>>> print(open('upload-v6.cif').read())   # mmCIF, C-alpha atoms
data_upload
#
loop_
_atom_site.label_atom_id
_atom_site.label_comp_id
_atom_site.auth_asym_id
_atom_site.auth_seq_id
_atom_site.Cartn_x
_atom_site.Cartn_y
_atom_site.Cartn_z
CA MET A 11 143.28 106.79 85.32
CA LEU A 12 140.67 106.17 87.98
CA TYR A 13 138.76 103.93 85.60
CA ALA A 14 141.94 101.86 85.22
CA LEU A 15 141.99 101.48 89.00
CA CYS A 16 138.41 100.17 88.85
CA PHE A 17 139.54 97.70 86.20
CA LEU A 18 142.46 96.69 88.45
CA LEU A 19 140.05 96.07 91.35
CA PHE A 20 137.85 93.98 89.05
CA MET A 21 140.90 91.96 87.98
CA ILE A 22 141.87 91.36 91.62
CA GLY A 23 138.39 90.01 92.26
CA LEU A 24 138.54 87.85 89.13
CA TYR A 25 141.95 86.47 90.19
CA CYS A 26 140.57 85.66 93.63
CA ALA A 27 137.50 83.93 92.20
CA VAL A 28 139.42 81.89 89.64
CA VAL A 29 142.65 80.92 91.39
CA LYS A 30 141.72 80.41 95.04
CA LYS A 31 140.47 77.02 96.18
CA ASN A 32 138.60 78.03 99.32
CA MET A 33 134.88 78.54 98.72
CA VAL A 34 134.65 81.53 101.07
CA LYS A 35 137.51 83.22 99.23
CA ILE A 36 135.72 82.63 95.92
CA VAL A 37 132.63 84.32 97.35
CA ILE A 38 134.78 87.26 98.51
CA GLY A 39 136.30 87.51 95.02
CA ILE A 40 132.88 87.61 93.37
CA MET A 41 131.76 90.35 95.74
CA VAL A 42 134.93 92.38 95.03
CA MET A 43 134.12 92.12 91.30
CA GLU A 44 130.58 93.38 91.92
CA TYR A 45 131.84 96.29 94.00
CA ALA A 46 134.35 97.22 91.29
CA VAL A 47 131.52 97.45 88.75
CA ASN A 48 129.43 99.49 91.20
CA LEU A 49 132.34 101.87 91.78
CA PHE A 50 132.82 102.26 88.04
CA LEU A 51 129.16 103.15 87.51
CA ILE A 52 129.18 105.65 90.36
CA MET A 53 132.32 107.30 88.97
CA LEU A 54 130.69 107.62 85.53
CA GLY A 55 128.06 109.90 87.06
CA TYR A 56 130.46 111.88 89.25
CA ARG A 57 131.22 115.52 88.61
CA ILE A 58 134.16 117.26 90.25
CA GLY A 59 132.88 119.75 92.80
CA GLY A 60 129.30 118.58 92.31
CA ILE A 61 126.52 118.75 94.86
CA ALA A 62 124.23 115.96 95.99
CA PRO A 63 121.21 115.41 93.68
CA ILE A 64 118.63 116.05 96.40
CA VAL A 65 116.08 118.81 95.91
CA GLY A 66 115.80 121.04 98.96
CA ARG A 67 113.68 124.13 99.55
CA GLU A 68 116.41 126.49 98.36
CA ASP A 69 116.77 124.64 95.06
CA ILE A 70 113.31 125.60 93.83
CA ALA A 71 113.01 128.98 92.10
CA GLY A 72 109.69 130.79 91.94
CA ALA A 73 106.17 129.55 92.47
CA ASP A 74 105.99 127.25 89.44
CA GLY A 75 108.37 124.73 90.96
CA GLN A 76 111.23 125.10 88.48
CA LEU A 77 114.67 123.97 89.59
CA THR A 78 117.39 126.60 89.85
CA ASN A 79 120.26 126.75 87.40
CA LEU A 80 122.73 126.20 90.22
CA PHE A 81 121.14 122.84 90.99
CA ILE A 82 120.91 121.72 87.38
CA ASN A 83 124.48 122.72 86.55
CA GLY A 84 125.99 121.58 89.83
CA SER A 85 124.41 118.30 90.83
CA VAL A 86 125.93 114.93 90.05
CA ASP A 87 124.03 112.44 87.89
CA PRO A 88 121.45 110.58 90.04
CA LEU A 89 120.70 107.85 87.50
CA PRO A 90 123.82 105.69 88.11
CA GLN A 91 123.20 105.99 91.85
CA ALA A 92 119.69 104.54 91.52
CA LEU A 93 121.07 101.82 89.24
CA VAL A 94 123.83 100.95 91.70
CA LEU A 95 121.35 100.84 94.59
CA THR A 96 119.36 98.20 92.70
CA ALA A 97 122.60 96.35 91.90
CA ILE A 98 123.53 96.36 95.59
CA VAL A 99 120.16 94.82 96.47
CA ILE A 100 120.65 92.07 93.90
CA SER A 101 124.23 91.42 95.05
CA LEU A 102 122.93 91.15 98.62
CA GLY A 103 120.49 88.44 97.54
CA SER A 104 123.12 86.54 95.59
CA LEU A 105 125.55 86.84 98.51
CA ALA A 106 122.98 85.26 100.85
CA LEU A 107 122.43 82.45 98.33
CA MET A 108 126.18 81.80 97.94
CA ILE A 109 126.79 81.84 101.69
CA SER A 110 123.97 79.37 102.32
CA ILE A 111 125.35 77.08 99.60
CA CYS A 112 128.75 77.27 101.29
CA ILE A 113 127.22 76.37 104.66
CA ARG A 114 125.34 73.37 103.25
CA THR A 115 128.44 72.19 101.41
CA TYR A 116 130.53 72.43 104.57
CA GLU A 117 127.90 70.50 106.49
CA ARG A 118 127.94 67.70 103.94
CA TYR A 119 131.63 67.47 103.06
CA GLY A 120 133.37 68.95 106.09
CA THR A 121 135.67 71.11 103.99
CA PHE A 122 135.68 74.34 102.01
CA ASP A 123 138.36 73.17 99.57
CA ILE A 124 136.80 72.79 96.13
CA THR A 125 139.44 70.28 95.01
CA GLN A 126 138.30 67.86 97.70
CA ILE A 127 134.61 68.14 96.88
CA ARG A 128 134.64 65.59 94.09
CA ARG A 129 131.94 63.02 94.27
CA LEU A 130 128.29 63.38 94.97
CA LYS A 131 127.19 61.98 98.27
CA GLY A 132 123.55 61.41 98.93
CA MET B 15 123.21 80.50 121.56
CA LYS B 16 122.78 82.07 124.97
CA GLY B 17 123.61 85.67 124.06
CA MET B 18 126.33 88.01 125.15
CA THR B 19 127.21 89.67 128.48
CA ILE B 20 124.83 91.84 130.49
CA ILE B 21 126.51 95.04 129.27
CA VAL B 22 125.74 94.27 125.65
CA LYS B 23 122.20 93.16 126.51
CA THR B 24 121.42 96.38 128.41
CA ILE B 25 122.86 98.72 125.81
CA SER B 26 121.19 96.91 122.93
CA SER B 27 117.81 97.01 124.69
CA TRP B 28 118.20 100.80 124.90
CA VAL B 29 119.42 101.27 121.38
CA LYS B 30 116.97 98.96 119.60
CA LEU B 31 114.06 101.42 119.89
CA LEU B 32 116.13 104.29 118.53
CA ILE B 33 117.25 102.20 115.57
CA PHE B 34 113.68 101.08 114.88
CA LEU B 35 112.35 104.66 115.04
CA PHE B 36 115.12 105.85 112.74
CA GLY B 37 114.17 103.16 110.24
CA ILE B 38 110.53 104.29 110.32
CA TYR B 39 111.64 107.90 109.81
CA ILE B 40 113.81 106.93 106.84
CA ILE B 41 110.87 105.08 105.26
CA LEU B 42 108.26 107.79 105.84
CA PHE B 43 110.45 110.65 104.61
CA GLY B 44 111.87 108.65 101.72
CA HIS B 45 110.44 110.95 99.06
CA LEU B 46 111.97 114.08 100.61
CA THR B 47 115.36 113.12 102.01
CA PRO B 48 117.96 110.50 101.13
CA GLY B 49 116.81 107.01 101.93
CA GLY B 50 113.52 105.34 101.16
CA GLY B 51 112.04 101.91 101.38
CA PHE B 52 115.17 99.85 100.91
CA ALA B 53 117.45 101.78 103.28
CA GLY B 54 114.76 102.04 105.95
CA GLY B 55 113.93 98.36 105.63
CA VAL B 56 117.57 97.44 106.12
CA ILE B 57 117.67 99.61 109.26
CA LEU B 58 114.49 97.94 110.60
CA ALA B 59 116.01 94.52 110.00
CA SER B 60 119.29 95.57 111.58
CA SER B 61 117.53 96.43 114.84
CA TYR B 62 116.25 92.87 115.02
CA ILE B 63 119.67 91.51 114.04
CA LEU B 64 121.21 93.51 116.90
CA LEU B 65 118.73 91.86 119.27
CA MET B 66 119.57 88.48 117.77
CA LEU B 67 123.29 89.02 118.33
CA ALA B 68 122.83 90.25 121.89
CA HIS B 69 120.09 87.98 123.25
CA GLY B 70 120.32 84.90 121.09
CA ARG B 71 118.06 83.56 118.38
CA GLU B 72 115.29 82.18 120.60
CA PHE B 73 114.57 85.60 122.13
CA VAL B 74 114.01 87.14 118.71
CA GLU B 75 111.93 84.21 117.52
CA GLU B 76 109.55 84.78 120.43
CA ASN B 77 109.03 88.39 119.34
CA LEU B 78 108.89 87.96 115.59
CA SER B 79 108.59 84.33 114.64
CA LEU B 80 109.48 82.93 111.26
CA PRO B 81 105.90 82.48 109.91
CA VAL B 82 104.97 86.03 110.96
CA ALA B 83 108.05 87.45 109.23
CA SER B 84 107.23 85.41 106.14
CA LYS B 85 103.67 86.80 106.12
CA LEU B 86 104.99 90.35 106.48
CA ASP B 87 107.32 89.69 103.56
CA CYS B 88 104.44 88.53 101.38
CA LEU B 89 102.28 91.45 102.57
CA GLY B 90 104.91 93.94 101.41
CA ALA B 91 105.10 92.45 97.94
CA PHE B 92 101.29 92.25 97.76
CA LEU B 93 100.86 95.90 98.78
CA PHE B 94 103.36 97.04 96.17
CA ALA B 95 101.60 95.09 93.43
CA LEU B 96 98.23 96.38 94.68
CA ILE B 97 99.39 100.00 94.41
CA ALA B 98 100.65 99.36 90.89
CA ILE B 99 97.39 97.71 89.77
CA LEU B 100 95.30 100.43 91.43
CA GLY B 101 97.20 102.85 89.23
CA LEU B 102 96.14 100.78 86.23
CA VAL B 103 92.49 100.71 87.36
CA LEU B 104 92.06 104.29 88.59
CA GLY B 105 94.61 106.21 86.57
CA GLY B 106 94.72 104.42 83.25
CA SER B 107 98.23 103.01 83.18
CA PHE B 108 100.47 100.81 85.29
CA PHE B 109 102.10 102.51 88.32
CA VAL B 110 100.49 105.87 87.58
CA ASN B 111 100.42 108.18 90.58
CA PHE B 112 96.61 108.37 90.86
CA LEU B 113 96.60 109.80 94.39
CA TYR B 114 98.70 112.78 93.35
CA GLN B 115 96.78 113.39 90.16
CA LYS B 116 93.24 113.14 91.50
CA TYR B 117 92.88 113.11 95.26
CA LEU B 118 95.86 114.51 97.15
CA PRO B 119 97.78 117.11 95.12
CA GLY B 120 99.80 118.65 97.93
CA GLU B 121 102.60 121.19 97.87
CA ALA B 122 106.11 120.25 96.88
CA LEU B 123 108.51 119.34 99.73
CA ASN B 124 105.75 118.67 102.24
CA LEU B 125 105.22 115.30 103.89
CA ILE B 126 101.95 114.66 102.03
CA SER B 127 103.03 115.68 98.57
CA ALA B 128 103.91 112.61 96.57
CA GLY B 129 100.72 110.56 96.23
CA THR B 130 101.41 106.85 96.12
CA ILE B 131 105.19 107.06 96.49
CA PRO B 132 105.22 107.00 100.35
CA LEU B 133 102.80 104.05 100.25
CA SER B 134 105.15 102.24 97.89
CA ASN B 135 108.03 103.09 100.22
CA ILE B 136 106.16 101.58 103.16
CA ALA B 137 105.48 98.41 101.16
CA ILE B 138 109.11 98.15 100.07
CA GLY B 139 110.27 98.77 103.64
CA LEU B 140 108.10 95.94 104.94
CA LYS B 141 109.31 93.63 102.20
CA VAL B 142 113.01 94.40 102.59
CA GLY B 143 112.99 94.44 106.38
CA ALA B 144 111.13 91.16 106.72
CA SER B 145 113.11 89.39 104.01
CA LEU B 146 116.51 90.54 105.29
CA PHE B 147 115.50 89.44 108.79
CA LEU B 148 114.42 86.10 107.30
CA VAL B 149 117.77 85.68 105.53
CA ILE B 150 119.76 86.18 108.74
CA LEU B 151 117.36 84.04 110.77
CA THR B 152 117.48 81.21 108.24
CA LEU B 153 121.27 81.32 108.10
CA SER B 154 121.43 81.09 111.89
CA ILE B 155 118.94 78.21 111.96
CA CYS B 156 121.14 76.54 109.33
CA CYS B 157 123.99 76.41 111.88
CA LYS B 158 121.83 75.16 114.76
CA ASP B 159 123.18 71.63 115.05
CA PHE B 160 126.53 72.51 113.64
CA LYS B 161 129.69 70.79 114.81
CA PRO B 162 132.65 72.23 112.95
CA GLY B 163 135.07 69.77 111.41
CA THR B 164 132.76 66.78 111.21
CA PRO B 165 130.48 66.03 108.28
CA ALA B 166 126.78 66.03 109.02
CA ASN B 167 126.13 62.46 107.95
CA GLY B 168 129.09 61.17 109.96
CA LYS B 169 130.50 58.87 107.29
CA GLU B 170 134.05 60.13 107.15
#
>>> encode(input="upload-v6.cif", output="structure tokens")
Amino acid sequence: MLYALCFLLFMIGLYCAVVKKNMVKIVIGIMVMEYAVNLFLIMLGYRIGGIAPIVGREDIAGADGQLTNLFINGSVDPLPQALVLTAIVISLGSLALMISICIRTYERYGTFDITQIRRLKG
Amino acid sequence: MKGMTIIVKTISSWVKLLIFLFGIYIILFGHLTPGGGFAGGVILASSYILLMLAHGREFVEENLSLPVASKLDCLGAFLFALIAILGLVLGGSFFVNFLYQKYLPGEALNLISAGTIPLSNIAIGLKVGASLFLVILTLSICCKDFKPGTPANGKE
């Protein structure tokens, strides 16, 4: 059910990116799509009633540095979180690139409407 | 861009040091607590962005100019690659944690316990902080001579 909501959010972003004619709204739609995928990946690793996957002093049993059973059985999956952190960094870079392209286009054409940006002007 | 009112300028000049220190804390304790190089670097950059919003772009460019930020950016990437190649030279394979294995074993959950990982965090923090600052600075330079509504070449 929750995965279907992620899919719905992705579809809203796709609709915004495909149908809208304002460049800034297209950028917003692409970012909504990226956040929907991030949310989906985070929810894949979620566990109901789980604890944060951070090793503290009370999570280590004995002198040999073994993790306790409570930590291993209770913590959520940290791998999708690391993956999503990397994806957020990449989406930040692509967002900066798209925004700067929008600014340069607005400087040259004086409009954000993609139907009016037709011919190349040099 | 002349900056905001005196209230915002005063408060931001108090808060900027706290934000900068918090960023350094997040970077240095990245292997023990949540956070690390990327989050700390974003916090470092956000302290400069707060100054840029409050005092205007010229004030920030006097403190940390664009070539210096670019050099810091390159230094972060260079340090990270240097740590990786030192692992290849000293430890036998790429990115191996040679400091932890040979020189600085350390106890778990102490500050000095992870070998090269805090050094990598510092390099990543430099890289991310400087490059995020550069992104915002470049976008604000982009709008320097910006008159909304009129094309830049003035033909239409």
>>> closest_atom_pairs(input="upload-v6.cif", of="chain A", to="chain B", cutoff="9 Å", atoms="only C-alpha atoms", output="CSV")
residue,atom,partner,partner_atom,distance
A:Ile64,CA,B:Thr47,CA,7.1
A:Val65,CA,B:Leu46,CA,7.8
A:Gly66,CA,B:Leu123,CA,7.5
A:Arg67,CA,B:Leu123,CA,7.1
A:Gly75,CA,B:Ala122,CA,7.8
A:Leu95,CA,B:Phe52,CA,8.9
A:Val99,CA,B:Phe52,CA,8.4
A:Gly103,CA,B:Val149,CA,8.9
A:Ala106,CA,B:Val149,CA,7.0
A:Ile109,CA,B:Leu153,CA,8.5
A:Ser110,CA,B:Leu153,CA,6.7
A:Ile113,CA,B:Cys156,CA,7.7
A:Arg114,CA,B:Cys156,CA,8.0
A:Tyr116,CA,B:Pro165,CA,7.4
A:Glu117,CA,B:Ala166,CA,5.3
A:Arg118,CA,B:Pro165,CA,5.3
A:Tyr119,CA,B:Pro165,CA,5.5
A:Gly120,CA,B:Pro165,CA,4.7
A:Thr121,CA,B:Gly163,CA,7.6
>>> residues_around(input="upload-v6.cif", residues="Ala59 in chain B", least_positions_apart="2", cutoff="6 Å", atoms="all atoms listed in the file", output="list in words")
Val56, Ile57, Ser61, Tyr62, Gly143 and Phe147 of chain B
>>> resolve_selection(input="upload-v6.cif", expression="the PyMOL selection byres ((chain B and resi 128) around 10)", output="ChimeraX atom specification")
/B:45-46,111,113-115,118-127,129-133
>>> atom_distance(input="upload-v6.cif", atom1="CA of His69 in chain B", atom2="CA of Ala137 in chain B")
28.5 Å
>>> atom_distance(input="upload-v6.cif", atom1="CA of Leu32 in chain B", atom2="CA of Ala144 in chain B")
18.4 Å
>>> axis_aligned_box(input="upload-v6.cif", around="range 133-136 of chain B", padding_each_side="8 Å", output="AutoDock Vina command-line options")
--center_x 105.4 --center_y 102.8 --center_z 100.5 --size_x 21.2 --size_y 18.5 --size_z 21.3
>>> atom_distance(input="upload-v6.cif", atom1="CA of Leu58 in chain B", atom2="CA of Ile138 in chain B")
11.8 Å
>>> resolve_selection(input="upload-v6.cif", expression="the PyMOL selection byres ((chain B and resi 93) around 12)", output="short mmCIF file (atom, residue, chain, number, x, y, z; two decimals) with C-alpha atoms, keeping the file's coordinate frame")
data_model
loop_
_atom_site.label_atom_id
_atom_site.label_comp_id
_atom_site.auth_asym_id
_atom_site.auth_seq_id
_atom_site.Cartn_x
_atom_site.Cartn_y
_atom_site.Cartn_z
CA LEU B 86 104.99 90.35 106.48
CA ASP B 87 107.32 89.69 103.56
CA CYS B 88 104.44 88.53 101.38
CA LEU B 89 102.28 91.45 102.57
CA GLY B 90 104.91 93.94 101.41
CA ALA B 91 105.10 92.45 97.94
CA PHE B 92 101.29 92.25 97.76
CA PHE B 94 103.36 97.04 96.17
CA ALA B 95 101.60 95.09 93.43
CA LEU B 96 98.23 96.38 94.68
CA ILE B 97 99.39 100.00 94.41
CA ALA B 98 100.65 99.36 90.89
CA ILE B 99 97.39 97.71 89.77
CA LEU B 100 95.30 100.43 91.43
CA THR B 130 101.41 106.85 96.12
CA LEU B 133 102.80 104.05 100.25
CA SER B 134 105.15 102.24 97.89
CA ASN B 135 108.03 103.09 100.22
CA ILE B 136 106.16 101.58 103.16
CA ALA B 137 105.48 98.41 101.16
CA ILE B 138 109.11 98.15 100.07
CA GLY B 139 110.27 98.77 103.64
CA LEU B 140 108.10 95.94 104.94
CA LYS B 141 109.31 93.63 102.20
#
>>> residues_around(input="upload-v6.cif", residues="Phe50 in chain A", least_positions_apart="2", cutoff="9 Å", atoms="only C-alpha atoms", output="list in words")
Leu12, Tyr13, Cys16, Phe17, Tyr45, Ala46, Val47, Asn48, Ile52, Met53 and Leu54 of chain A
>>> residues_around(input="upload-v6.cif", residues="Ile38 in chain A", least_positions_apart="3", cutoff="10 Å", atoms="all atoms listed in the file", output="list in words")
Gly23, Cys26, Ala27, Met33, Val34, Lys35, Met41, Val42, Met43, Glu44 and Leu105 of chain A
>>> resolve_selection(input="upload-v6.cif", expression="the PyMOL selection byres ((chain A and resi 57) around 10)", output="PyMOL selection string")
chain A and resi 53-56+58-61+84-87
>>> build_atoms(input="upload-v6.cif", residues="range 25-37 of chain A", atoms="N, CA and C atoms", output="PDB file, in the frame of the given file")
ATOM      1  N   TYR A  25     140.845  87.345  89.791  1.00  0.00           N
ATOM      2  CA  TYR A  25     141.950  86.470  90.190  1.00  0.00           C
ATOM      3  C   TYR A  25     141.556  85.653  91.421  1.00  0.00           C
ATOM      4  N   CYS A  26     140.962  86.342  92.393  1.00  0.00           N
ATOM      5  CA  CYS A  26     140.570  85.660  93.630  1.00  0.00           C
ATOM      6  C   CYS A  26     139.524  84.592  93.357  1.00  0.00           C
ATOM      7  N   ALA A  27     138.573  84.897  92.456  1.00  0.00           N
ATOM      8  CA  ALA A  27     137.500  83.930  92.200  1.00  0.00           C
ATOM      9  C   ALA A  27     137.988  82.758  91.384  1.00  0.00           C
ATOM     10  N   VAL A  28     139.005  82.962  90.533  1.00  0.00           N
ATOM     11  CA  VAL A  28     139.420  81.890  89.640  1.00  0.00           C
ATOM     12  C   VAL A  28     140.500  81.025  90.274  1.00  0.00           C
ATOM     13  N   VAL A  29     141.458  81.646  90.966  1.00  0.00           N
ATOM     14  CA  VAL A  29     142.650  80.920  91.390  1.00  0.00           C
ATOM     15  C   VAL A  29     142.466  80.254  92.747  1.00  0.00           C
ATOM     16  N   LYS A  30     141.791  80.928  93.670  1.00  0.00           N
ATOM     17  CA  LYS A  30     141.720  80.410  95.040  1.00  0.00           C
ATOM     18  C   LYS A  30     140.879  79.129  95.093  1.00  0.00           C
ATOM     19  N   LYS A  31     141.172  78.298  96.075  1.00  0.00           N
ATOM     20  CA  LYS A  31     140.470  77.020  96.180  1.00  0.00           C
ATOM     21  C   LYS A  31     139.492  76.976  97.342  1.00  0.00           C
ATOM     22  N   ASN A  32     139.550  77.986  98.210  1.00  0.00           N
ATOM     23  CA  ASN A  32     138.600  78.030  99.320  1.00  0.00           C
ATOM     24  C   ASN A  32     137.299  78.659  98.850  1.00  0.00           C
ATOM     25  N   MET A  33     136.175  78.035  99.222  1.00  0.00           N
ATOM     26  CA  MET A  33     134.880  78.540  98.720  1.00  0.00           C
ATOM     27  C   MET A  33     134.573  79.929  99.242  1.00  0.00           C
ATOM     28  N   VAL A  34     134.937  80.213 100.493  1.00  0.00           N
ATOM     29  CA  VAL A  34     134.650  81.530 101.070  1.00  0.00           C
ATOM     30  C   VAL A  34     135.459  82.605 100.347  1.00  0.00           C
ATOM     31  N   LYS A  35     136.694  82.239  99.967  1.00  0.00           N
ATOM     32  CA  LYS A  35     137.510  83.220  99.230  1.00  0.00           C
ATOM     33  C   LYS A  35     136.949  83.454  97.841  1.00  0.00           C
ATOM     34  N   ILE A  36     136.360  82.437  97.237  1.00  0.00           N
ATOM     35  CA  ILE A  36     135.720  82.630  95.920  1.00  0.00           C
ATOM     36  C   ILE A  36     134.546  83.590  96.050  1.00  0.00           C
ATOM     37  N   VAL A  37     133.770  83.420  97.127  1.00  0.00           N
ATOM     38  CA  VAL A  37     132.630  84.320  97.350  1.00  0.00           C
ATOM     39  C   VAL A  37     133.129  85.759  97.535  1.00  0.00           C
TER      40      VAL A  37
END
